[in-house]
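Undergrad: Dropping in my_file.cif, which is mmCIF, C-alpha atoms:
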data_protein
#
loop_
_atom_site.label_atom_id
_atom_site.label_comp_id
_atom_site.auth_asym_id
_atom_site.auth_seq_id
_atom_site.Cartn_x
_atom_site.Cartn_y
_atom_site.Cartn_z
CA MET P 7 142.93 11.82 122.40
CA GLU P 8 144.04 15.47 122.61
CA THR P 9 141.59 18.08 123.78
CA ASN P 10 141.74 21.71 122.84
CA ASN P 11 141.35 23.80 125.99
CA GLN P 12 141.52 27.09 124.09
CA THR P 13 138.28 29.02 124.17
CA GLN P 14 137.45 31.48 121.46
CA THR P 15 137.53 35.06 122.74
CA PRO P 16 134.53 37.20 121.79
CA THR P 17 135.07 39.97 119.29
CA GLU P 18 136.00 43.20 121.04
CA HIS P 19 133.27 45.83 120.96
CA LYS P 20 133.98 48.90 118.80
CA ALA P 21 132.60 52.41 119.10
CA GLY P 22 133.45 55.78 117.65
CA PHE P 23 132.40 59.19 116.42
CA VAL P 24 131.99 59.64 112.65
CA ASN P 25 131.56 63.26 111.64
CA ILE P 26 130.13 64.34 108.28
CA VAL P 27 131.44 67.63 106.86
CA GLY P 28 131.43 69.42 103.51
CA ASN P 29 129.98 72.36 101.62
CA PRO P 30 126.25 73.14 101.50
CA ASN P 31 123.89 71.13 99.29
CA VAL P 32 126.15 68.15 98.52
CA GLY P 33 123.83 65.66 100.24
CA LYS P 34 125.29 65.37 103.76
CA SER P 35 121.89 65.17 105.42
CA THR P 36 120.58 62.58 102.95
CA LEU P 37 123.71 60.49 103.54
CA MET P 38 123.34 60.80 107.32
CA ASN P 39 119.72 59.67 107.19
CA ARG P 40 120.58 56.70 104.97
CA LEU P 41 123.46 55.55 107.19
CA VAL P 42 121.49 55.90 110.40
CA GLY P 43 118.30 54.44 108.95
CA GLU P 44 116.21 57.11 110.66
CA ARG P 45 115.14 60.56 109.54
CA MET P 46 117.40 62.77 111.65
CA SER P 47 118.36 65.68 109.38
CA ILE P 48 116.36 68.14 107.31
CA ILE P 49 116.44 67.42 103.59
CA THR P 50 115.34 70.15 101.18
CA PRO P 51 116.67 71.36 97.81
CA LYS P 52 117.75 74.62 99.48
CA ALA P 53 121.32 75.05 100.67
CA GLN P 54 122.28 75.54 104.30
CA THR P 55 119.33 73.73 105.81
CA THR P 56 121.22 72.14 108.73
CA HIS P 57 121.85 74.74 111.43
CA HIS P 58 123.17 72.57 114.28
CA ARG P 59 125.21 69.42 114.71
CA ILE P 60 122.74 66.56 114.59
CA THR P 61 123.65 63.20 116.06
CA GLY P 62 122.33 59.83 114.93
CA ILE P 63 123.45 56.59 116.56
CA VAL P 64 123.73 53.16 114.94
CA ASN P 65 123.84 50.17 117.30
CA THR P 66 124.59 46.50 116.76
CA PRO P 67 125.86 43.95 119.31
CA GLU P 68 129.38 44.41 117.88
CA TYR P 69 129.62 48.20 117.51
CA GLN P 70 128.15 51.65 118.07
CA ILE P 71 128.61 54.44 115.52
CA VAL P 72 127.80 58.00 116.59
CA PHE P 73 127.23 59.93 113.34
CA SER P 74 127.21 63.71 113.39
CA ASP P 75 125.80 65.83 110.55
CA THR P 76 127.14 69.40 110.46
CA PRO P 77 126.09 72.65 108.76
CA GLY P 78 127.52 73.23 105.30
CA VAL P 79 130.77 75.20 105.30
CA LEU P 80 130.42 78.77 104.08
CA LYS P 81 131.88 82.25 104.54
CA PRO P 82 129.91 83.71 107.46
CA ARG P 83 127.79 86.83 106.95
CA TYR P 84 126.11 86.77 110.37
CA LYS P 85 127.13 85.81 113.89
CA MET P 86 124.73 82.88 113.49
CA GLN P 87 126.74 81.60 110.51
CA GLU P 88 129.98 82.11 112.48
CA ALA P 89 128.53 79.83 115.15
CA MET P 90 127.48 77.30 112.49
CA LEU P 91 131.03 77.30 111.12
CA THR P 92 132.37 76.48 114.59
CA PHE P 93 130.12 73.38 114.57
CA SER P 94 131.75 72.25 111.31
CA GLU P 95 135.31 73.08 112.41
CA GLY P 96 134.69 71.41 115.75
CA ALA P 97 133.81 68.24 113.86
CA LEU P 98 137.45 68.07 112.69
CA THR P 99 138.73 67.84 116.25
CA ASP P 100 136.48 65.29 117.92
CA ALA P 101 136.06 62.52 115.33
CA ASP P 102 137.46 59.01 115.07
CA VAL P 103 136.58 58.95 111.35
CA LEU P 104 135.83 61.95 109.13
CA LEU P 105 133.51 61.79 106.12
CA TYR P 106 134.19 64.68 103.76
CA VAL P 107 131.24 64.82 101.37
CA THR P 108 131.34 66.42 97.93
CA ASP P 109 129.43 65.69 94.72
CA VAL P 110 130.04 65.38 90.99
CA VAL P 111 129.14 69.01 90.18
CA GLU P 112 130.86 70.90 92.99
CA ASP P 113 133.88 73.10 92.31
CA PRO P 114 136.75 71.52 94.32
CA GLU P 115 138.19 74.99 94.93
CA LYS P 116 135.12 76.03 96.94
CA ASN P 117 136.10 76.79 100.56
CA ALA P 118 139.71 75.77 99.98
CA ASP P 119 140.70 76.93 103.50
CA PHE P 120 138.47 74.34 105.14
CA LEU P 121 139.64 71.65 102.71
CA ALA P 122 143.26 72.44 103.62
CA LYS P 123 142.39 71.72 107.28
CA VAL P 124 140.85 68.40 106.27
CA ALA P 125 144.01 67.51 104.31
CA LYS P 126 146.10 67.92 107.50
CA GLU P 127 143.94 65.57 109.56
CA LYS P 128 145.71 62.64 111.22
CA ILE P 129 142.48 60.63 111.65
CA PRO P 130 141.12 58.51 108.77
CA VAL P 131 139.34 60.61 106.15
CA LEU P 132 136.84 59.02 103.79
CA LEU P 133 136.12 61.25 100.80
CA VAL P 134 132.56 60.62 99.68
CA ILE P 135 131.72 61.72 96.12
CA ASN P 136 127.92 61.85 96.08
CA LYS P 137 125.35 62.07 93.26
CA ILE P 138 127.21 59.85 90.78
CA ASP P 139 123.77 58.93 89.43
CA LEU P 140 123.91 62.32 87.65
CA LEU P 141 126.84 61.17 85.51
CA HIS P 142 126.33 59.64 82.08
CA GLY P 143 128.57 57.82 79.61
CA ASP P 144 131.43 55.37 80.06
CA GLY P 145 132.63 56.55 83.47
CA GLY P 146 135.36 58.82 82.17
CA ASP P 147 133.95 61.80 84.02
CA LEU P 148 134.07 59.94 87.32
CA VAL P 149 137.68 58.90 86.73
CA LYS P 150 138.61 62.56 86.20
CA ILE P 151 136.66 63.68 89.30
CA VAL P 152 138.31 60.99 91.45
CA GLY P 153 141.74 62.02 90.13
CA ASP P 154 141.12 65.69 90.93
CA TRP P 155 140.14 64.85 94.50
CA GLN P 156 143.06 62.45 94.98
CA ASN P 157 145.37 65.38 94.28
CA ARG P 158 143.62 67.51 96.91
CA LEU P 159 143.21 64.87 99.62
CA PRO P 160 145.96 62.32 98.87
CA LYS P 161 145.58 60.48 102.21
CA ALA P 162 141.81 60.04 101.90
CA GLU P 163 140.05 56.86 100.78
CA ILE P 164 137.54 57.70 98.05
CA PHE P 165 134.00 56.33 97.87
CA PRO P 166 131.82 57.31 94.88
CA ILE P 167 128.19 56.94 96.02
CA SER P 168 124.62 57.93 95.34
CA ALA P 169 122.85 58.54 98.65
CA THR P 170 119.45 58.89 96.99
CA GLU P 171 119.90 55.64 95.04
CA ASN P 172 121.55 53.79 97.96
CA PHE P 173 124.53 53.00 95.71
CA ASN P 174 127.80 51.86 97.37
CA LEU P 175 126.60 52.77 100.87
CA ASP P 176 127.15 49.19 102.08
CA ASN P 177 130.84 49.39 101.20
CA LEU P 178 131.13 52.79 102.85
CA MET P 179 129.47 51.51 106.02
CA LYS P 180 131.69 48.42 106.06
CA ARG P 181 134.82 50.57 105.90
CA ILE P 182 133.56 52.87 108.67
CA VAL P 183 133.05 49.84 110.94
CA GLU P 184 136.57 48.57 110.12
CA LEU P 185 138.04 51.93 111.16
CA LEU P 186 136.23 52.16 114.51
CA PRO P 187 138.49 51.87 117.56
CA PRO P 188 137.88 49.23 120.24
CA SER P 189 135.68 50.88 122.85
CA PRO P 190 132.61 50.29 124.99
CA PRO P 191 129.47 52.13 123.77
CA TYR P 192 129.24 55.84 124.53
CA PHE P 193 125.45 55.83 124.74
CA GLY P 194 122.81 53.31 125.72
CA LYS P 195 122.31 50.60 123.12
CA ASP P 196 118.72 51.71 122.55
CA ALA P 197 119.70 55.34 121.87
CA LEU P 198 119.03 56.84 118.44
CA THR P 199 120.34 60.34 119.14
CA ASP P 200 121.66 62.57 121.90
CA LYS P 201 119.17 65.30 121.00
CA PRO P 202 115.96 65.87 123.00
CA ALA P 203 112.51 65.34 121.48
CA ARG P 204 111.90 69.09 121.27
CA PHE P 205 114.89 69.46 118.94
CA PHE P 206 113.29 67.26 116.27
CA VAL P 207 110.03 69.17 116.53
CA THR P 208 111.88 72.41 115.74
CA GLU P 209 113.71 70.74 112.84
CA ILE P 210 110.48 69.45 111.31
CA ILE P 211 108.82 72.88 111.58
CA ARG P 212 111.91 74.54 110.05
CA GLU P 213 111.82 72.04 107.19
CA LYS P 214 108.21 72.98 106.39
CA ILE P 215 109.14 76.67 106.42
CA LEU P 216 112.00 75.98 104.01
CA GLU P 217 109.66 74.07 101.71
CA ASN P 218 106.93 76.73 101.64
CA TYR P 219 108.71 80.10 101.52
CA ASP P 220 111.28 81.66 99.21
CA LYS P 221 114.20 84.06 99.40
CA GLU P 222 115.34 85.33 102.78
CA VAL P 223 112.31 84.39 104.90
CA PRO P 224 113.29 80.76 105.71
CA TYR P 225 116.83 81.79 106.66
CA SER P 226 115.58 84.54 108.99
CA THR P 227 113.51 82.16 111.08
CA GLU P 228 114.21 80.16 114.22
CA VAL P 229 111.83 77.88 116.07
CA ILE P 230 111.54 77.40 119.82
CA VAL P 231 109.27 74.81 121.43
CA GLU P 232 107.74 76.44 124.51
CA LYS P 233 105.47 73.55 125.48
CA PHE P 234 105.90 69.81 124.94
CA GLU P 235 103.32 67.95 126.97
CA GLU P 236 103.42 64.23 126.26
CA LYS P 237 100.75 61.70 127.28
CA ASP P 238 100.39 58.01 126.49
CA ASN P 239 98.81 58.53 123.06
CA SER P 240 99.16 62.23 122.33
CA ILE P 241 101.46 65.25 122.50
CA HIS P 242 100.46 68.90 122.94
CA ILE P 243 103.10 71.19 121.40
CA MET P 244 103.26 74.97 121.43
CA ALA P 245 106.02 76.46 119.26
CA VAL P 246 107.10 80.00 118.41
CA ILE P 247 108.60 80.93 115.05
CA TYR P 248 110.90 83.93 115.39
CA VAL P 249 111.56 86.28 112.45
CA GLU P 250 113.58 89.48 112.13
CA ARG P 251 111.03 91.89 110.60
CA ASP P 252 107.30 92.63 110.66
CA SER P 253 107.14 92.10 106.90
CA GLN P 254 108.50 88.55 107.35
CA LYS P 255 105.88 87.89 110.02
CA GLY P 256 103.16 88.92 107.56
CA ILE P 257 104.55 86.62 104.86
CA LEU P 258 104.84 83.70 107.28
CA ILE P 259 101.27 84.03 108.52
CA GLY P 260 99.81 84.74 105.07
CA ARG P 261 96.41 86.10 104.15
CA GLN P 262 93.96 85.21 106.94
CA GLY P 263 96.56 82.83 108.39
CA THR P 264 96.48 80.44 105.43
CA MET P 265 100.26 79.99 105.07
CA LEU P 266 100.89 79.39 108.77
CA LYS P 267 98.05 76.87 108.81
CA LYS P 268 99.59 75.08 105.82
CA VAL P 269 102.98 74.86 107.57
CA GLY P 270 101.35 73.71 110.80
CA THR P 271 99.34 70.96 109.12
CA ALA P 272 102.37 69.59 107.23
CA ALA P 273 104.56 69.77 110.34
CA ARG P 274 101.94 68.08 112.53
CA LYS P 275 101.66 65.12 110.15
CA ASP P 276 105.44 64.57 110.16
CA ILE P 277 105.69 65.02 113.94
CA GLU P 278 102.96 62.39 114.36
CA LYS P 279 104.95 59.99 112.15
CA PHE P 280 108.16 60.72 114.06
CA PHE P 281 106.66 60.07 117.51
CA ASP P 282 103.89 57.67 116.44
CA LYS P 283 101.34 59.63 118.48
CA SER P 284 98.56 62.09 117.72
CA VAL P 285 99.76 65.71 117.97
CA TYR P 286 98.01 68.96 118.77
CA LEU P 287 100.32 71.67 117.41
CA GLU P 288 99.98 75.41 118.07
CA LEU P 289 102.22 77.80 116.11
CA PHE P 290 102.86 81.48 116.88
CA VAL P 291 105.04 84.05 115.11
CA LYS P 292 107.08 86.70 116.94
CA VAL P 293 109.45 89.41 115.69
CA GLU P 294 112.96 89.46 117.18
CA PRO P 295 114.89 92.16 115.27
CA ASN P 296 118.32 91.18 113.92
CA TRP P 297 118.48 88.01 116.05
CA ARG P 298 121.10 86.41 113.77
CA ASN P 299 123.65 89.01 114.92
CA ARG P 300 122.70 89.15 118.62
CA GLU P 301 124.84 87.00 120.87
CA ASN P 302 122.25 86.72 123.65
CA LYS P 303 119.64 85.43 121.20
CA LEU P 304 122.10 83.00 119.60
CA LYS P 305 122.74 81.58 123.07
CA THR P 306 119.00 81.24 123.65
CA PHE P 307 118.61 79.46 120.31
CA GLY P 308 121.50 77.07 121.00
CA TYR P 309 124.09 78.36 118.52
CA ILE P 310 126.52 79.50 121.23
CA GLN P 311 127.24 77.56 124.41
#
What is this file in structure tokens?
TA:
Amino acid sequence: METNNQTQTPTEHKAGFVNIVGNPNVGKSTLMNRLVGERMSIITPKAQTTHHRITGIVNTPEYQIVFSDTPGVLKPRYKMQEAMLTFSEGALTDADVLLYVTDVVEDPEKNADFLAKVAKEKIPVLLVINKIDLLHGDGGDLVKIVGDWQNRLPKAEIFPISATENFNLDNLMKRIVELLPPSPPYFGKDALTDKPARFFVTEIIREKILENYDKEVPYSTEVIVEKFEEKDNSIHIMAVIYVERDSQKGILIGRQGTMLKKVGTAARKDIEKFFDKSVYLELFVKVEPNWRNRENKLKTFGYIQ
């Protein structure tokens, strides 16, 4: 009787960086959160809500995917927005797979310069057409949209999806895993992100500001956590919200502090969910004139290394 001495070799571990880029308000943060399975990025109806590159890590025994959500691409009007654009452009240079996200209503000509850079990429590009749940009829509109994008990014693989409806995300994820290079993990297998806890506190507070204020006020604010004291069952947090003008400070605080209290209560509830601990949150508001154009402040706030 013949015996087979061949032993089956285990599947080689894969790992890679998958960067998500695109214009503001096309659903990049929603997609990131769905793919990671954790709430990493701010989601609001307002454009330009992501200010930094946010990393979320997906681990299985066979692979590790390091997703990176980037600020929406736009023509900079402040030094802060210049720094945000460098986050997005940097995502083109350090990825193993690039997800370029658009949607069914966006003008393909928007930010054509950035799109031209994407078209020249040598790495795999997956073009994600989001929000197809907004389309109606026999699918003719989608066929036209796909055709338009094929002309602009001929080397890209196209995935029509709905991030909010979880449509076609399994196929997208399967293709991402197929494209990962063989590699040991870059982070510990229990890691969810490379960002510190304080970062997510600032993001949650910023989200509540975006939800509760209009016009320029949300975009003129930055949040710094000055105290993060964690115990077994509780966290004491002291955070400062910076604005550019005294009038913005007055709007943020509101009559007899009512607006700031509203933001603080909403933020505290979400921070408690995020960390699964009770939270004592103190919020303060300070004026830092023209901080969005001051290099030293942008360094302090993490926009410039």
Undergrad: I'd like the interatomic distance between CA of Ile167 in chain P and CA of Thr76 in chain P, to a tenth of an Å.
TA: 19.1 Å
Undergrad: Evaluate the PyMOL selection byres ((chain P and resi 284) around 12) against this structure - the residues, as a compact mmCIF listing (two decimals) with C-alpha atoms, in the coordinates of the input, please.
TA:
# COMPACT_ATOMS: atom_id res chain seq x y z
CA GLU P 235 103.32 67.95 126.97
CA GLU P 236 103.42 64.23 126.26
CA LYS P 237 100.75 61.70 127.28
CA ASP P 238 100.39 58.01 126.49
CA ASN P 239 98.81 58.53 123.06
CA SER P 240 99.16 62.23 122.33
CA ILE P 241 101.46 65.25 122.50
CA HIS P 242 100.46 68.90 122.94
CA ILE P 243 103.10 71.19 121.40
CA ARG P 274 101.94 68.08 112.53
CA LYS P 275 101.66 65.12 110.15
CA ASP P 276 105.44 64.57 110.16
CA ILE P 277 105.69 65.02 113.94
CA GLU P 278 102.96 62.39 114.36
CA LYS P 279 104.95 59.99 112.15
CA PHE P 280 108.16 60.72 114.06
CA PHE P 281 106.66 60.07 117.51
CA ASP P 282 103.89 57.67 116.44
CA LYS P 283 101.34 59.63 118.48
CA VAL P 285 99.76 65.71 117.97
CA TYR P 286 98.01 68.96 118.77
CA LEU P 287 100.32 71.67 117.41
Undergrad: Assuming the chain letters and numbering stay as they are in my file, what does the PyMOL selection byres ((chain P and resi 209-223) around 7) actually select? List them as a list in words.
TA: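 The output of the PyMOL selection byres ((chain P and resi 209-223) around 7) on this file is Ile48, Thr50, Phe205, Phe206, Val207, Thr208, Pro224, Tyr225, Ser226, Thr227, Val229, Gln254, Val269, Ala272 and Ala273 of chain P.
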Undergrad: Using C-alpha atoms, can you write the selected residues to a file as a tab-separated table (two decimals), in the coordinates of the input?
TA:
chain	number	residue	atom	x	y	z
P	48	ILE	CA	116.36	68.14	107.31
P	50	THR	CA	115.34	70.15	101.18
P	205	PHE	CA	114.89	69.46	118.94
P	206	PHE	CA	113.29	67.26	116.27
P	207	VAL	CA	110.03	69.17	116.53
P	208	THR	CA	111.88	72.41	115.74
P	224	PRO	CA	113.29	80.76	105.71
P	225	TYR	CA	116.83	81.79	106.66
P	226	SER	CA	115.58	84.54	108.99
P	227	THR	CA	113.51	82.16	111.08
P	229	VAL	CA	111.83	77.88	116.07
P	254	GLN	CA	108.50	88.55	107.35
P	269	VAL	CA	102.98	74.86	107.57
P	272	ALA	CA	102.37	69.59	107.23
P	273	ALA	CA	104.56	69.77	110.34
Undergrad: Quick one, how far is CA of Leu140 in chain P from CA of Ile63 in chain P?
TA: 29.5 Å
Undergrad: Which residues are close to range 100-109 of chain P, i.e. within 9 Å by only C-alpha atoms, leaving aside same-chain residues fewer than 3 positions away? Reply as number ranges by chain.
TA: P: 22-29, 31-34, 37, 96-97, 112-114, 121, 124, 127, 129-138, 166-167, 182, 185-187
Undergrad: Which of these, P:Thr17, P:Ser253, P:Asn65, P:Gln156, has the shortest distance to Lys292 in chain P once you count all atoms listed in the file?
TA: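 Among the listed residues, the smallest separation from Lys292 in chain P belongs to P:Ser253.
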Undergrad: Would you mind reading off the distance between CA of Leu178 in chain P and CA of Leu41 in chain P, one decimal, in Å?
TA: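 Distance between the two atoms: 9.2 Å.
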Undergrad: Have a look at P:Arg300, P:Glu250, P:Glu115, P:Thr61 and name the one nearest to Pro202 in chain P; count all atoms listed in the file.
TA: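 Closest to Pro202 in chain P, using all atoms listed in the file: P:Thr61.
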Undergrad: Between P:Thr66, P:Asp75, P:Lys20, P:Ile230, which residue has the minimum interatomic distance to Lys303 in chain P, considering all atoms listed in the file?
TA: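 Of the candidates, the smallest distance to Lys303 in chain P is held by P:Ile230.
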Undergrad: I'd like the residues picked by the PyMOL selection byres ((chain P and resi 67) around 12) written out as a list in words, using the chain letters and numbers from the file.
TA: Pro16, Thr17, Glu18, His19, Lys20, Ala21, Val64, Asn65, Thr66, Glu68, Tyr69, Gln70, Ile71, Pro190, Pro191, Gly194, Lys195 and Asp196 of chain P
Undergrad: Rank nothing, just name the residue among P:Val249, P:Glu288, P:Thr199, P:Leu266 nearest to Phe234 in chain P, using all atoms listed in the file.
TA: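 The shortest atom-to-atom distance to Phe234 in chain P comes from P:Glu288.
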Undergrad: Taking into account all atoms listed in the file, which residue in the set P:Val42, P:Arg298, P:Val110, P:Phe165 is nearest to His142 in chain P?
TA: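 Of the candidates, the smallest distance to His142 in chain P is held by P:Val110.
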Undergrad: Kindly output range 173-204 of chain P as a PDB file, keeping the file's coordinate frame, after building N, CA and C atoms.
TA:
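Output file part-v5.pdb is given in full below:
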ATOM      1  N   PHE P 173     123.445  53.680  96.430  1.00  0.00           N
ATOM      2  CA  PHE P 173     124.530  53.000  95.710  1.00  0.00           C
ATOM      3  C   PHE P 173     125.842  53.118  96.482  1.00  0.00           C
ATOM      4  N   ASN P 174     126.485  51.978  96.737  1.00  0.00           N
ATOM      5  CA  ASN P 174     127.800  51.860  97.370  1.00  0.00           C
ATOM      6  C   ASN P 174     127.810  52.253  98.845  1.00  0.00           C
ATOM      7  N   LEU P 175     126.631  52.408  99.445  1.00  0.00           N
ATOM      8  CA  LEU P 175     126.600  52.770 100.870  1.00  0.00           C
ATOM      9  C   LEU P 175     127.003  51.594 101.750  1.00  0.00           C
ATOM     10  N   ASP P 176     126.732  50.362 101.292  1.00  0.00           N
ATOM     11  CA  ASP P 176     127.150  49.190 102.080  1.00  0.00           C
ATOM     12  C   ASP P 176     128.661  49.141 102.229  1.00  0.00           C
ATOM     13  N   ASN P 177     129.370  49.407 101.142  1.00  0.00           N
ATOM     14  CA  ASN P 177     130.840  49.390 101.200  1.00  0.00           C
ATOM     15  C   ASN P 177     131.369  50.512 102.090  1.00  0.00           C
ATOM     16  N   LEU P 178     130.731  51.675 102.003  1.00  0.00           N
ATOM     17  CA  LEU P 178     131.130  52.790 102.850  1.00  0.00           C
ATOM     18  C   LEU P 178     130.930  52.435 104.322  1.00  0.00           C
ATOM     19  N   MET P 179     129.783  51.880 104.639  1.00  0.00           N
ATOM     20  CA  MET P 179     129.470  51.510 106.020  1.00  0.00           C
ATOM     21  C   MET P 179     130.443  50.432 106.524  1.00  0.00           C
ATOM     22  N   LYS P 180     130.755  49.484 105.683  1.00  0.00           N
ATOM     23  CA  LYS P 180     131.690  48.420 106.060  1.00  0.00           C
ATOM     24  C   LYS P 180     133.054  48.993 106.416  1.00  0.00           C
ATOM     25  N   ARG P 181     133.501  49.967 105.636  1.00  0.00           N
ATOM     26  CA  ARG P 181     134.820  50.570 105.900  1.00  0.00           C
ATOM     27  C   ARG P 181     134.786  51.396 107.188  1.00  0.00           C
ATOM     28  N   ILE P 182     133.687  52.095 107.428  1.00  0.00           N
ATOM     29  CA  ILE P 182     133.560  52.870 108.670  1.00  0.00           C
ATOM     30  C   ILE P 182     133.689  51.933 109.873  1.00  0.00           C
ATOM     31  N   VAL P 183     133.001  50.796 109.828  1.00  0.00           N
ATOM     32  CA  VAL P 183     133.050  49.840 110.940  1.00  0.00           C
ATOM     33  C   VAL P 183     134.479  49.322 111.132  1.00  0.00           C
ATOM     34  N   GLU P 184     135.181  49.044 110.026  1.00  0.00           N
ATOM     35  CA  GLU P 184     136.570  48.570 110.120  1.00  0.00           C
ATOM     36  C   GLU P 184     137.467  49.583 110.817  1.00  0.00           C
ATOM     37  N   LEU P 185     137.179  50.876 110.618  1.00  0.00           N
ATOM     38  CA  LEU P 185     138.040  51.930 111.160  1.00  0.00           C
ATOM     39  C   LEU P 185     137.703  52.316 112.607  1.00  0.00           C
ATOM     40  N   LEU P 186     136.600  51.809 113.136  1.00  0.00           N
ATOM     41  CA  LEU P 186     136.230  52.160 114.510  1.00  0.00           C
ATOM     42  C   LEU P 186     137.240  51.605 115.501  1.00  0.00           C
ATOM     43  N   PRO P 187     137.580  52.376 116.530  1.00  0.00           N
ATOM     44  CA  PRO P 187     138.490  51.870 117.560  1.00  0.00           C
ATOM     45  C   PRO P 187     137.769  50.960 118.540  1.00  0.00           C
ATOM     46  N   PRO P 188     138.488  50.024 119.168  1.00  0.00           N
ATOM     47  CA  PRO P 188     137.880  49.230 120.240  1.00  0.00           C
ATOM     48  C   PRO P 188     137.437  50.155 121.376  1.00  0.00           C
ATOM     49  N   SER P 189     136.199  50.004 121.801  1.00  0.00           N
ATOM     50  CA  SER P 189     135.680  50.880 122.850  1.00  0.00           C
ATOM     51  C   SER P 189     134.324  50.353 123.309  1.00  0.00           C
ATOM     52  N   PRO P 190     133.989  50.549 124.577  1.00  0.00           N
ATOM     53  CA  PRO P 190     132.610  50.290 124.990  1.00  0.00           C
ATOM     54  C   PRO P 190     131.688  51.340 124.386  1.00  0.00           C
ATOM     55  N   PRO P 191     130.386  51.123 124.345  1.00  0.00           N
ATOM     56  CA  PRO P 191     129.470  52.130 123.770  1.00  0.00           C
ATOM     57  C   PRO P 191     129.488  53.421 124.573  1.00  0.00           C
ATOM     58  N   TYR P 192     129.283  54.529 123.880  1.00  0.00           N
ATOM     59  CA  TYR P 192     129.240  55.840 124.530  1.00  0.00           C
ATOM     60  C   TYR P 192     127.839  56.179 125.018  1.00  0.00           C
ATOM     61  N   PHE P 193     126.840  55.586 124.379  1.00  0.00           N
ATOM     62  CA  PHE P 193     125.450  55.830 124.740  1.00  0.00           C
ATOM     63  C   PHE P 193     124.765  54.489 124.952  1.00  0.00           C
ATOM     64  N   GLY P 194     123.584  54.530 125.549  1.00  0.00           N
ATOM     65  CA  GLY P 194     122.810  53.310 125.720  1.00  0.00           C
ATOM     66  C   GLY P 194     122.538  52.651 124.380  1.00  0.00           C
ATOM     67  N   LYS P 195     122.451  51.326 124.384  1.00  0.00           N
ATOM     68  CA  LYS P 195     122.310  50.600 123.120  1.00  0.00           C
ATOM     69  C   LYS P 195     120.939  50.799 122.460  1.00  0.00           C
ATOM     70  N   ASP P 196     120.006  51.413 123.165  1.00  0.00           N
ATOM     71  CA  ASP P 196     118.720  51.710 122.550  1.00  0.00           C
ATOM     72  C   ASP P 196     118.627  53.168 122.094  1.00  0.00           C
ATOM     73  N   ALA P 197     119.718  53.916 122.228  1.00  0.00           N
ATOM     74  CA  ALA P 197     119.700  55.340 121.870  1.00  0.00           C
ATOM     75  C   ALA P 197     119.774  55.535 120.366  1.00  0.00           C
ATOM     76  N   LEU P 198     118.984  56.467 119.863  1.00  0.00           N
ATOM     77  CA  LEU P 198     119.030  56.840 118.440  1.00  0.00           C
ATOM     78  C   LEU P 198     119.740  58.160 118.226  1.00  0.00           C
ATOM     79  N   THR P 199     119.757  59.010 119.258  1.00  0.00           N
ATOM     80  CA  THR P 199     120.340  60.340 119.140  1.00  0.00           C
ATOM     81  C   THR P 199     120.612  60.865 120.541  1.00  0.00           C
ATOM     82  N   ASP P 200     121.447  61.914 120.615  1.00  0.00           N
ATOM     83  CA  ASP P 200     121.660  62.570 121.900  1.00  0.00           C
ATOM     84  C   ASP P 200     120.821  63.849 122.013  1.00  0.00           C
ATOM     85  N   LYS P 201     119.993  64.092 121.001  1.00  0.00           N
ATOM     86  CA  LYS P 201     119.170  65.300 121.000  1.00  0.00           C
ATOM     87  C   LYS P 201     117.818  65.039 121.677  1.00  0.00           C
ATOM     88  N   PRO P 202     117.272  66.048 122.364  1.00  0.00           N
ATOM     89  CA  PRO P 202     115.960  65.870 123.000  1.00  0.00           C
ATOM     90  C   PRO P 202     114.833  65.894 121.963  1.00  0.00           C
ATOM     91  N   ALA P 203     113.660  65.410 122.377  1.00  0.00           N
ATOM     92  CA  ALA P 203     112.510  65.340 121.480  1.00  0.00           C
ATOM     93  C   ALA P 203     112.158  66.703 120.895  1.00  0.00           C
ATOM     94  N   ARG P 204     112.255  67.744 121.724  1.00  0.00           N
ATOM     95  CA  ARG P 204     111.900  69.090 121.270  1.00  0.00           C
ATOM     96  C   ARG P 204     112.735  69.515 120.060  1.00  0.00           C
TER      97      ARG P 204
END
